[in-house]
Every structure is written in structure tokens, then in C-alpha cells.
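Report on the following structure.
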Amino acid sequence: MTIPKWKQNLVTGYQNFRAGNYGRQKELYEQLGTEGQSPEVLVISCVDSRVSPSAVFNAHPGEMFILRNVANIVPPCEPSAGYHGTSAAIEFAVSNMKVSVIVVMGHESCGGVAAFLASLDKNPDENAEHSFLGNWVEILDAAYKNFMASDANEVSQQRQMEYAGVRQSLINLMSFPFVEKAVMAGELSLLGAYFSIIEGRLLFVENGVFEEVEISSAD
Ligand SMILES: [Zn+2]
């Protein structure tokens with residue numbers, strides 16, 4: 001029986017992990033598994049296969065609590081019935097893990113943002129059919145209404161919207177009482193970030209503006 005290529009790739013990847021990173025970090029895994037985790041950072045990023053927070057921040061196991069969803073969206077706090085997976089993870093990170101910082105990381109060529117922008121061009125009938133994706137990226141509507149003047153020098157609407165999405169997620173984070181309380185107490189910081197895939201460059205929101213993070217001279 002032939003093994004499907006995808007399965008072979010998974011097995012090969014795992015075997016390389018065992019022979020490589022795992023071998024080097026065996027004791028760390030043992031320690032984390034025995035003593036538990038205490039990550040300092042929660043990163044909220046997109047599910048996009050090109051944007052891995054662990055890779056971008058060169059993080060080791062146990063270092064980052066990572067929450068990934070379509071378009072790195074933080075919904076507004078809605079203490080209603082339903083399955084609020086993103087909100088649950090934020091609550092767990094802040095209330096249980098006591099992370100010191102939440103980084104919302106947007107990225108270039110985001111399919112979720114593109115889906116939102118495409119929905120603006122459709123007539124209401126076309127958007128009427130329920131889709132989990134359509135419903136989810138609708139949260140970006142508030143971001144769209146809050147395009148920042150400071151982002152207007154960006155040539156593409158897609159890039160402006162990606163920035164606006166990060167800003168909106170930071171605003172929405174503060175709608176969670178446990179986030180607001182921790183921020184006000186000086187126990188939690190919030191940071192906006194953006195990863196440009198093509199050039200592998202990282203930007204942080206500094207004083208309200210996206211600014212490139214310096215890379216070492218070795219790069
Ligand atoms: Zn994305």
C-alpha cells in the first residue's frame with residue numbers, strides 16, 4: 001500500500017524534528033512537560049502558512065502562547081452563548097498564564113483581509129449565504145471605517161486594511177474586562193506588529209505608526 005505524499009511529508013518532518021530540534025531541546029521539553037509552561041508572550045497571528053510566529057521570533061518551545069485565526073482578528077468582547085474560541089484563548093493567556101504582552105501580528109497578502117475587501121464589492125444577496133469565513137471577517141468592518149490617516153501613504157488598499165485590522169484588534173482587546181484591568185494595572189502591554197512576507201521584514205506599531213524593526217548588520 002502506498003503512503004500518500006502528504007503523510008510521508010508529515011512523517012519525514014517529524015523524523016527530522018526528532019533528529020534535529022528535538023534532540024537539541026530534549027531537556028527543555030522534559031522540563032516544560034514536567035513543570036508546565038509559563039510563556040511571557042501571547043502572539044495573535046493569522047493561520048496563513050507563510051506567517052509562523054515561532055519562526056519570525058525564533059522562539060523556543062514554551063516561550064510563546066500562540067493564537068492563530070483567519071486574519072489575526074480579535075473580536076469584540078461578547079459574553080454571549082456560542083463558541084468563542086479566540087476569546088477563550090485570550091482569557092486563558094491573560095487570566096491563567098498571566099502573559100506580560102499580547103502581540104497582534106498582521107501580514108502582507110492576507111487572504112482573510114482580501115476576502116473582506118472582496119465582500120465590499122458584492123451585492124447584499126451574494127453575501128447573504130452563510131459562510132463561517134464571511135461572518136468572521138465581517139468583524140473587520142469596524143477597522144474599515146477607521147482607516148488611519150497615517151496609513152494613507154500606503155499605496156494599496158489591501159495594506160491599509162491589513163494595518164487597520166491590527167489596530168482594530170488592539171482596540172477590541174481592550175473591550176475584554178480582564179485585558180483592560182491588566183493593562184491599567186501595568187501588568188500587561190499590547191503591541192501591534194506586521195510581517196511582510198516577500199522581504200521577511202517585521203514592523204512594530206510605535207507611537208501609533210508602523211515602523212520597521214531594525215535587523216542586525218549581519219543580515
Ligand atoms: Zn492572513
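Chain labels A, B, ... are given in the sequence in which chains occur in the C-alpha cells; within each chain residues are numbered consecutively from 1, and ligands are likewise numbered from 1 in the order shown.
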Would you pick out the contacts of stretch 31-48 of chain A at 10 Å or less, using only C-alpha atoms, so that residues sharing its chain but fewer than 4 positions from it are not included, and give the list as number ranges by chain? A: 25-27, 52-54, 61-74, 86, 89-90, 93-94, 96-107, 109-112, 166, 169, 188-195
Write the residues of the preceding selection, restricted to N, CA and C atoms, as a short mmCIF file (atom, residue, chain, number, x, y, z; two decimals), in the first residue's frame.
data_model
loop_
_atom_site.label_atom_id
_atom_site.label_comp_id
_atom_site.auth_asym_id
_atom_site.auth_seq_id
_atom_site.Cartn_x
_atom_site.Cartn_y
_atom_site.Cartn_z
N GLN A 25 16.77 20.04 22.08
CA GLN A 25 15.93 20.66 23.12
C GLN A 25 15.24 19.62 24.01
N LYS A 26 15.78 18.42 23.99
CA LYS A 26 15.14 17.32 24.73
C LYS A 26 14.90 17.67 26.20
N GLU A 27 15.92 18.22 26.82
CA GLU A 27 15.80 18.55 28.25
C GLU A 27 14.77 19.64 28.50
N SER A 52 4.64 32.28 10.44
CA SER A 52 4.75 31.49 11.67
C SER A 52 5.42 32.32 12.75
N PRO A 53 4.70 32.67 13.83
CA PRO A 53 5.32 33.47 14.89
C PRO A 53 6.58 32.81 15.46
N SER A 54 6.56 31.50 15.61
CA SER A 54 7.74 30.81 16.15
C SER A 54 8.95 31.03 15.26
N PRO A 61 10.40 26.26 22.34
CA PRO A 61 9.19 25.72 22.98
C PRO A 61 8.98 26.35 24.36
N GLY A 62 7.74 26.66 24.66
CA GLY A 62 7.42 27.23 25.96
C GLY A 62 7.53 28.75 26.02
N GLU A 63 8.07 29.35 24.96
CA GLU A 63 8.32 30.80 25.00
C GLU A 63 7.08 31.62 24.67
N MET A 64 6.28 31.12 23.72
CA MET A 64 5.15 31.91 23.24
C MET A 64 3.86 31.12 23.26
N PHE A 65 2.83 31.77 23.73
CA PHE A 65 1.47 31.24 23.63
C PHE A 65 0.97 31.79 22.30
N ILE A 66 0.59 30.92 21.38
CA ILE A 66 0.27 31.40 20.03
C ILE A 66 -1.18 31.08 19.67
N LEU A 67 -1.87 32.12 19.25
CA LEU A 67 -3.27 32.00 18.85
C LEU A 67 -3.35 32.41 17.38
N ARG A 68 -3.79 31.48 16.57
CA ARG A 68 -3.86 31.80 15.13
C ARG A 68 -5.29 31.64 14.65
N ASN A 69 -5.74 32.61 13.91
CA ASN A 69 -7.06 32.52 13.27
C ASN A 69 -7.01 33.26 11.94
N VAL A 70 -8.11 33.27 11.22
CA VAL A 70 -8.13 33.95 9.92
C VAL A 70 -7.98 35.46 10.14
N ALA A 71 -6.94 36.01 9.58
CA ALA A 71 -6.68 37.46 9.56
C ALA A 71 -6.34 38.05 10.93
N ASN A 72 -5.82 37.22 11.84
CA ASN A 72 -5.39 37.69 13.17
C ASN A 72 -6.39 38.67 13.81
N ILE A 73 -7.63 38.24 13.80
CA ILE A 73 -8.70 39.11 14.30
C ILE A 73 -8.99 38.83 15.77
N VAL A 74 -9.09 39.90 16.54
CA VAL A 74 -9.64 39.81 17.89
C VAL A 74 -11.06 40.34 17.81
N THR A 86 -11.45 32.21 20.07
CA THR A 86 -10.41 33.23 20.17
C THR A 86 -10.46 33.91 21.53
N ALA A 89 -9.08 31.72 24.29
CA ALA A 89 -7.61 31.64 24.32
C ALA A 89 -7.01 32.90 24.93
N ILE A 90 -7.59 34.05 24.62
CA ILE A 90 -7.10 35.32 25.19
C ILE A 90 -7.30 35.31 26.70
N ALA A 93 -4.76 33.03 28.30
CA ALA A 93 -3.41 33.60 28.30
C ALA A 93 -3.27 34.70 29.36
N VAL A 94 -4.30 35.52 29.49
CA VAL A 94 -4.21 36.67 30.40
C VAL A 94 -4.51 36.26 31.84
N ASN A 96 -4.95 33.07 33.22
CA ASN A 96 -4.26 31.89 33.76
C ASN A 96 -2.74 31.95 33.59
N MET A 97 -2.33 32.25 32.36
CA MET A 97 -0.89 32.26 32.08
C MET A 97 -0.23 33.55 32.54
N LYS A 98 -1.03 34.59 32.72
CA LYS A 98 -0.51 35.91 33.15
C LYS A 98 0.59 36.41 32.23
N VAL A 99 0.34 36.35 30.93
CA VAL A 99 1.34 36.84 29.98
C VAL A 99 1.58 38.34 30.21
N SER A 100 2.77 38.79 29.85
CA SER A 100 3.13 40.20 30.05
C SER A 100 2.78 41.07 28.86
N VAL A 101 2.68 40.42 27.70
CA VAL A 101 2.42 41.21 26.49
C VAL A 101 1.58 40.40 25.50
N ILE A 102 0.71 41.09 24.79
CA ILE A 102 -0.04 40.48 23.68
C ILE A 102 0.41 41.18 22.40
N VAL A 103 0.92 40.40 21.47
CA VAL A 103 1.34 40.93 20.18
C VAL A 103 0.32 40.51 19.13
N VAL A 104 -0.28 41.47 18.46
CA VAL A 104 -1.17 41.16 17.33
C VAL A 104 -0.35 41.37 16.07
N MET A 105 -0.13 40.28 15.34
CA MET A 105 0.73 40.37 14.16
C MET A 105 -0.04 40.17 12.86
N GLY A 106 -0.20 41.25 12.11
CA GLY A 106 -0.81 41.17 10.79
C GLY A 106 0.25 40.79 9.76
N HIS A 107 -0.16 40.65 8.53
CA HIS A 107 0.83 40.30 7.50
C HIS A 107 0.38 40.69 6.10
N SER A 109 -0.36 40.36 2.12
CA SER A 109 -1.14 39.43 1.27
C SER A 109 -2.06 38.52 2.08
N CYS A 110 -2.76 39.11 3.03
CA CYS A 110 -3.63 38.31 3.89
C CYS A 110 -4.91 37.93 3.14
N GLY A 111 -5.13 36.63 3.03
CA GLY A 111 -6.33 36.14 2.32
C GLY A 111 -7.62 36.52 3.03
N GLY A 112 -7.57 36.58 4.36
CA GLY A 112 -8.76 36.95 5.12
C GLY A 112 -9.14 38.40 4.88
N VAL A 166 -5.03 45.23 12.34
CA VAL A 166 -4.20 45.10 13.54
C VAL A 166 -4.64 46.14 14.58
N SER A 169 -7.88 45.12 16.15
CA SER A 169 -7.72 44.01 17.10
C SER A 169 -7.19 44.53 18.43
N LEU A 188 0.21 44.28 31.87
CA LEU A 188 0.08 43.74 30.50
C LEU A 188 0.28 44.87 29.50
N SER A 189 1.08 44.57 28.46
CA SER A 189 1.27 45.52 27.36
C SER A 189 0.66 44.95 26.10
N LEU A 190 0.25 45.83 25.21
CA LEU A 190 -0.28 45.41 23.91
C LEU A 190 0.60 45.99 22.82
N LEU A 191 0.89 45.17 21.82
CA LEU A 191 1.77 45.63 20.74
C LEU A 191 1.23 45.18 19.39
N GLY A 192 1.19 46.11 18.44
CA GLY A 192 0.81 45.78 17.06
C GLY A 192 2.05 45.46 16.26
N ALA A 193 1.95 44.48 15.38
CA ALA A 193 3.09 44.10 14.54
C ALA A 193 2.59 43.73 13.15
N TYR A 194 3.55 43.64 12.22
CA TYR A 194 3.18 43.32 10.84
C TYR A 194 4.38 42.64 10.18
N PHE A 195 4.10 41.55 9.47
CA PHE A 195 5.18 40.81 8.81
C PHE A 195 5.02 40.89 7.30
#
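If only C-alpha atoms and all ligand atoms are the atoms counted, then among A:Ile198, A:Val51, A:Ala185, A:Met174 the closest residue to ligand 1 is A:Val51.
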Atom CA of A:Glu108 to atom CA of A:Arg50, distance in Å rounded to a single decimal: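 These atoms are spaced 9.7 Å apart.
You can rank A:Ile3, A:Ser87, A:Val137, A:Pro75 by their closest distance to A:Gln168 using only C-alpha atoms, and at the top of that list sits A:Pro75.
Here atom CA of A:Gly20 is placed at a distance of 13.3 Å from atom CA of A:His60.
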Assign secondary structure with DSSP using the backbone only, and return the residues of stretch 54-215 of chain A in alpha helix (DSSP H) as a PyMOL selection string. chain A and resi 54-56+85-91+111-120+124-128+132-137+141-145+157-173+177-184
Would you list, as a ChimeraX atom specification, the residues of stretch 5-215 of chain A that end up in strand (DSSP E or B) under DSSP run on this structure's backbone? /A:41-46,64-69,101-107,189-196,201-206,209-212
Take the selection from the previous step and output its residues with C-alpha atoms, as a short mmCIF file (atom, residue, chain, number, x, y, z; two decimals), in the first residue's frame.
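Saved file selection22.cif follows:
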data_model
loop_
_atom_site.label_atom_id
_atom_site.label_comp_id
_atom_site.auth_asym_id
_atom_site.auth_seq_id
_atom_site.Cartn_x
_atom_site.Cartn_y
_atom_site.Cartn_z
CA VAL A 41 4.03 36.49 25.33
CA LEU A 42 0.74 35.83 23.60
CA VAL A 43 1.03 36.25 19.84
CA ILE A 44 -2.16 36.52 17.83
CA SER A 45 -1.43 35.87 14.19
CA CYS A 46 -3.07 34.60 11.03
CA MET A 64 5.15 31.91 23.24
CA PHE A 65 1.47 31.24 23.63
CA ILE A 66 0.27 31.40 20.03
CA LEU A 67 -3.27 32.00 18.85
CA ARG A 68 -3.86 31.80 15.13
CA ASN A 69 -7.06 32.52 13.27
CA VAL A 101 2.42 41.21 26.49
CA ILE A 102 -0.04 40.48 23.68
CA VAL A 103 1.34 40.93 20.18
CA VAL A 104 -1.17 41.16 17.33
CA MET A 105 0.73 40.37 14.16
CA GLY A 106 -0.81 41.17 10.79
CA HIS A 107 0.83 40.30 7.50
CA SER A 189 1.27 45.52 27.36
CA LEU A 190 -0.28 45.41 23.91
CA LEU A 191 1.77 45.63 20.74
CA GLY A 192 0.81 45.78 17.06
CA ALA A 193 3.09 44.10 14.54
CA TYR A 194 3.18 43.32 10.84
CA PHE A 195 5.18 40.81 8.81
CA SER A 196 5.99 41.48 5.17
CA ARG A 201 10.61 42.22 7.39
CA LEU A 202 8.91 42.95 10.68
CA LEU A 203 7.20 46.18 11.71
CA PHE A 204 6.01 47.25 15.15
CA VAL A 205 3.45 49.92 15.93
CA GLU A 206 5.47 52.63 17.64
CA VAL A 209 2.72 54.27 13.45
CA PHE A 210 4.01 51.06 11.83
CA GLU A 211 7.81 51.22 11.86
CA GLU A 212 10.31 48.66 10.66
#
Using only C-alpha atoms and all ligand atoms, which of the listed residues (A:Arg159, A:Lys5, A:Arg24, A:Arg167) sits closest to ligand 1?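 Among the listed residues, the smallest separation from ligand 1 belongs to A:Arg159.
Atom CA of A:Ser49 sits 22.7 Å away from atom CA of A:Leu170.
Residue nearest A:Glu91 within the list A:Phe17, A:Phe57, A:Phe176, A:Trp6: A:Phe176 [criterion: smallest interatomic distance, only C-alpha atoms].
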Pick out the closest residue to ligand 1 from this set: A:Phe116, A:Asn146, A:Ser216, A:Pro177. Count only C-alpha atoms and all ligand atoms.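 Nearest candidate to ligand 1 out of A:Phe116, A:Asn146, A:Ser216, A:Pro177: A:Phe116.
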